[in-house]
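I have placed the structure first, in the form of structure tokens, so that the comments after it can refer back to it.
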Amino acid sequence: MEREKLVINGGNPLTGEIEVSGMKNSAVAIIFGTILTEGKCVIENLPDISDVSDSLEILSSIGAKIKRLNKTTYEIDTSVIRPGSSPYNLVRKMRASYYILGAELGRFGKAHAAYPGGCDFGTRPIDQHIKGFEALGAKVDFENGYIDADTDGKGMCGSNIYMDCVTVGATINIMLAACRAKGTTIIDNAAREPHVVDLANFLNASGANISGAGTDVIKIKGVEQLHGVDYAVIPDMIEAGTFMVAAAATGGDLLITNVIPKHMESVSAKLIEMGVNVEEYDDSIRISRNGPLSKIAVKTLPYPGFPTDMNPQMCVLMCLANGVSTMTEGVWDNRFRYVEELSLMGAKITVNGKTATIEGPTNFSGAPVKAVDLRAGAAMIIAGLIANGKTEIDNIRHIQRGYENIVEKLSGAGADIRLVTFAEDTSVSVMN
Ligand code: EPU
């Protein structure tokens with residue numbers, strides 16, 4: 001058995017340029033969205049990550065014909081789809097696989113798929129998805145790890161749905177289920193994330209009639225049919241934010257390209273508050289730092305608030321600041337599982353409920369650690385980049401779910417980072 005690890009020798013500032021890939025959370029929604037088009041779509045700027053290849057594999061397993069046109073562009077033909085036939089183990093690998101439910105409901109008026117997997121942040125209920133599907137006319141049942149939704153041949157019917165909390169996943173799933181429904185659907189208290197807007201733009205380009213995406217009221221006038229379309233996914237704001245924080249943490253000077261600066265406002269504002277230089281251009285951001293960092297308080301919130309998916313990375317930067325900073329998690333029940341790993345590297349963080357108190361400055365020292373989830377893995381990489389000595393990160397399959405070519409991108413900007421494969425018996429062979 002072989003296992004992969006990341007090995008980082010810390011101390012090099014990030015300099016030069018890094019290009020951001022397409023957005024994971026948008027890509028996965030659009031890939032499942034193609035089911036509604038019943039035609040050929042060409043989707044560009046898909047990040048080369050395992051959540052995308054797993055999503056494409058699910059589509060192919062239910063009948064879609066998929067051609068890779070180049071590294072980041074795929075043709076997806078969903079003319080023939082067998083609803084309800086997605087394999088249990090594939091769907092369990094990731095959270096976004098639940099978009100297959102909204103998409104199958106939208107096209108066939110019935111759906112059947114395994115309960116989704118994904119990162120462990122404590123409980124991850126899907127009650128708002130179910131509430132939405134039921135409001136649109138489906139009866140939803142759970143059996144043997146599967147979710148079954150059916151309108152008994154009647155198809156989806158537009159409805160007014162008030163979301164009890166702001167949820168990206170349920171907003172997207174309801175948009176998918178409603179865009180070919182009879183009548184109009186209004187989603188109130190909808191999520192405003194850029195990937196919600198990107199999915200709406202993709203669906204509208206395919207013939208849907210969705211307005212208000214990006215605000216908290218989305219109106220979906222049902223149309224009979226969608227058609228295939230060419231579409232490019234937006235850049236990944238969380239990948240961009242990760243590189244922004246990494247550049248600041250290493251005291252580097254880095255131009256991050258293929259960015260929509262508007263999406264980065266909350267991250268940029270907090271970096272500026274800490275004393276980092278942030279220069280915005282049309283589609284890039286330059287980050288540099290040569291002075292000390294100031295302590296700050298951050299609370300994660302739905303967009304346009306500070307993203308929860310930047311909580312772990314930002315905590316590493318806060319460890320470097322003088323004084324006591326706080327990180328309050330406003331989205332997930334338990335997003336602090338990475339704290340124990342950072343402590344192994346010298347961080348002084350105490351967690352009380354949803355708030356972490358971070359005492360700085362920390363001199364990180366390299367250690368063997370693991371990625372407990374995707375963004376936690378990104379935080380371990382940043383800590384490794386600034387630590388004295390060698391850091392080895394295990395469990396990197398989480399990182400590979402969401403960061404395209406992270407080793408190549410960071411080493412191109414001066415980091416000493418390698419992917420190594422370990423045979424389970426101690427011998428090591430270097431791949432990169
Ligand atoms: N919630 C409910 N009921 C629901 C759905 C959500 O109570 O039916 C709650 C959740 O428990 C949570 C909050 O609402 O407290 C927000 O959950 P949301 O539905 O917005 O999260 P998600 O759609 O499951 C997406 C991203 C996550 C990101 C969150 C929040 C995808 C595939 N995943 O998850 O991204 O943390 O939104 O922004 O889009 C990541 O990329 O690393 C990642 C975990």
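Letters for chains follow the order of the structure tokens (A, B, ...), residue numbers begin at 1 for each chain, and ligand numbers begin at 1 in the order shown.
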
Per-residue nearest contacts region 260-364 of chain A to region 156-177 of chain A, cut-off 10 Å, using only C-alpha atoms, as a tab-separated table:
residue	atom	partner	partner_atom	distance
A:Leu301	CA	A:Val166	CA	9.6
A:Pro302	CA	A:Val166	CA	7.0
A:Tyr303	CA	A:Val166	CA	9.5
A:Val331	CA	A:Val166	CA	9.1

**Item:** Site check for ligand 1: residues at most 9 Å away, only C-alpha atoms and all ligand atoms, as number ranges by chain
**Value:** A: 24-26, 28-29, 51, 94-97, 118-131, 163-172, 191, 193, 195, 238, 301-303, 307-310, 330-333, 373-376, 401-402

**Request:** Find the residues near region 223-237 of chain A: any atom within 6 Å, counting only C-alpha atoms, skip ones fewer than 6 places away on the same chain, and give them as a PyMOL selection string.
**Result:** chain A and resi 21-23+37+39-45+180+206-207+259

**Item:** Gap from CA of Thr257 (chain A) to CA of Thr73 (chain A) - Å, one decimal
**Value:**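 That distance, rounded to one decimal, is 19.2 Å.
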
**Asked** Nearest to Gly222 (chain A) among A:Tyr99, A:Ala181, A:Asp150, A:Ser53, with distances taken over only C-alpha atoms: which residue is it?
**Response**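 Closest to Gly222 (chain A), using only C-alpha atoms: A:Ala181.
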
**Request:** Taking the DSSP assignment computed from this structure's backbone, write out as a PyMOL selection string all residues of region 30-90 of chain A that belong to helix (DSSP H, G or I).
**Result:** chain A and resi 30-37+50-61+88-90

**Message:** With only C-alpha atoms as the counted atoms, please give the residues lying no more than 10 Å from region 342-359 of chain A, apart from itself and same-chain residues fewer than 5 positions off, as number ranges by chain.
**Reply:** A: 295-299, 312, 315-316, 318-337, 364-370, 376, 379-380, 383-384, 387-388, 391

Where does region 218-262 of chain A meet region 1-14 of chain A within 12 Å, residue by residue, with the nearest atom pair and distance in Å to one decimal for each, counting only C-alpha atoms, listed by chain and rising number, as a Markdown table?
| residue | atom | partner | partner_atom | distance |
| --- | --- | --- | --- | --- |
| A:Phe243 | CA | A:Leu14 | CA | 9.0 |
| A:Met244 | CA | A:Leu14 | CA | 10.0 |
| A:Val245 | CA | A:Leu14 | CA | 10.5 |
| A:Ala246 | CA | A:Leu14 | CA | 7.5 |
| A:Ala247 | CA | A:Leu14 | CA | 5.4 |
| A:Ala248 | CA | A:Leu14 | CA | 8.6 |
| A:Ala249 | CA | A:Pro13 | CA | 8.3 |
| A:Thr250 | CA | A:Pro13 | CA | 4.6 |
| A:Gly251 | CA | A:Pro13 | CA | 5.6 |
| A:Gly252 | CA | A:Pro13 | CA | 4.4 |
| A:Asp253 | CA | A:Leu14 | CA | 6.3 |
| A:Leu254 | CA | A:Leu14 | CA | 6.2 |
| A:Leu255 | CA | A:Leu14 | CA | 9.6 |
| A:Ile256 | CA | A:Leu14 | CA | 10.8 |

Give me a file of those residues, with C-alpha atoms, as an mmCIF file, in the first residue's frame.
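Contents of selection.cif, as written:
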data_model
loop_
_atom_site.group_PDB
_atom_site.id
_atom_site.type_symbol
_atom_site.label_atom_id
_atom_site.label_comp_id
_atom_site.auth_asym_id
_atom_site.auth_seq_id
_atom_site.Cartn_x
_atom_site.Cartn_y
_atom_site.Cartn_z
ATOM 1 C CA PHE A 243 -2.656 32.164 -1.430
ATOM 2 C CA MET A 244 -3.272 35.699 -0.119
ATOM 3 C CA VAL A 245 -2.868 34.490 3.457
ATOM 4 C CA ALA A 246 0.127 32.307 2.547
ATOM 5 C CA ALA A 247 1.878 35.288 0.926
ATOM 6 C CA ALA A 248 1.190 37.452 3.977
ATOM 7 C CA ALA A 249 2.284 34.740 6.419
ATOM 8 C CA THR A 250 5.599 34.107 4.649
ATOM 9 C CA GLY A 251 6.353 37.845 4.394
ATOM 10 C CA GLY A 252 6.387 37.474 0.623
ATOM 11 C CA ASP A 253 5.421 39.575 -2.380
ATOM 12 C CA LEU A 254 3.013 37.655 -4.589
ATOM 13 C CA LEU A 255 0.781 38.521 -7.528
ATOM 14 C CA ILE A 256 -2.289 36.282 -7.490
#

**Request:** Would you mind reading off the distance between CA of Asn395 (chain A) and CA of Lys93 (chain A), one decimal, in Å?
**Result:**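 CA of Lys93 (chain A) lies at a distance of 14.8 Å from CA of Asn395 (chain A).
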
**Item:** Near-Leu59 (chain A) list (9 Å; only C-alpha atoms; drop same-chain fewer than 3 positions) as a PyMOL selection string
**Value:** chain A and resi 31-32+35+54-56+62-66+76+78+81+86+100

Would you save the residues of that selection, restricted to N, CA and C atoms, as a short mmCIF file (atom, residue, chain, number, x, y, z; two decimals), in the first residue's frame?
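And here is the file that came out, part-v9.cif:
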data_model
loop_
_atom_site.label_atom_id
_atom_site.label_comp_id
_atom_site.auth_asym_id
_atom_site.auth_seq_id
_atom_site.Cartn_x
_atom_site.Cartn_y
_atom_site.Cartn_z
N ILE A 31 -21.56 21.11 -12.90
CA ILE A 31 -21.47 19.75 -13.47
C ILE A 31 -22.80 19.02 -13.28
N PHE A 32 -23.35 19.06 -12.06
CA PHE A 32 -24.65 18.39 -11.85
C PHE A 32 -25.77 19.14 -12.58
N ILE A 35 -27.17 18.10 -16.07
CA ILE A 35 -28.21 17.06 -16.21
C ILE A 35 -29.51 17.68 -16.73
N ASP A 54 -14.57 13.18 -9.36
CA ASP A 54 -15.61 12.33 -8.76
C ASP A 54 -17.00 12.74 -9.25
N SER A 55 -17.25 14.04 -9.38
CA SER A 55 -18.57 14.50 -9.87
C SER A 55 -18.79 14.01 -11.31
N LEU A 56 -17.73 14.12 -12.13
CA LEU A 56 -17.85 13.67 -13.52
C LEU A 56 -18.07 12.16 -13.57
N ILE A 62 -24.31 7.51 -14.49
CA ILE A 62 -25.76 7.52 -14.73
C ILE A 62 -26.08 7.74 -16.22
N GLY A 63 -25.05 7.66 -17.06
CA GLY A 63 -25.33 7.66 -18.50
C GLY A 63 -24.76 8.82 -19.28
N ALA A 64 -24.25 9.88 -18.62
CA ALA A 64 -23.72 11.02 -19.38
C ALA A 64 -22.47 10.60 -20.15
N LYS A 65 -22.29 11.22 -21.32
CA LYS A 65 -21.08 10.96 -22.12
C LYS A 65 -20.13 12.13 -21.88
N ILE A 66 -18.93 11.80 -21.41
CA ILE A 66 -18.01 12.87 -21.02
C ILE A 66 -16.72 12.77 -21.80
N ILE A 76 -19.79 17.63 -21.82
CA ILE A 76 -20.67 16.73 -21.05
C ILE A 76 -21.98 16.62 -21.81
N THR A 78 -25.59 15.11 -21.70
CA THR A 78 -26.55 14.48 -20.77
C THR A 78 -27.85 14.11 -21.50
N ILE A 81 -29.84 9.96 -19.61
CA ILE A 81 -29.51 9.84 -18.19
C ILE A 81 -30.44 8.79 -17.57
N SER A 86 -27.07 6.40 -9.47
CA SER A 86 -25.72 6.78 -9.04
C SER A 86 -25.21 5.83 -7.97
N ILE A 100 -27.18 16.08 -7.26
CA ILE A 100 -27.81 15.15 -8.19
C ILE A 100 -29.31 15.04 -7.87
#
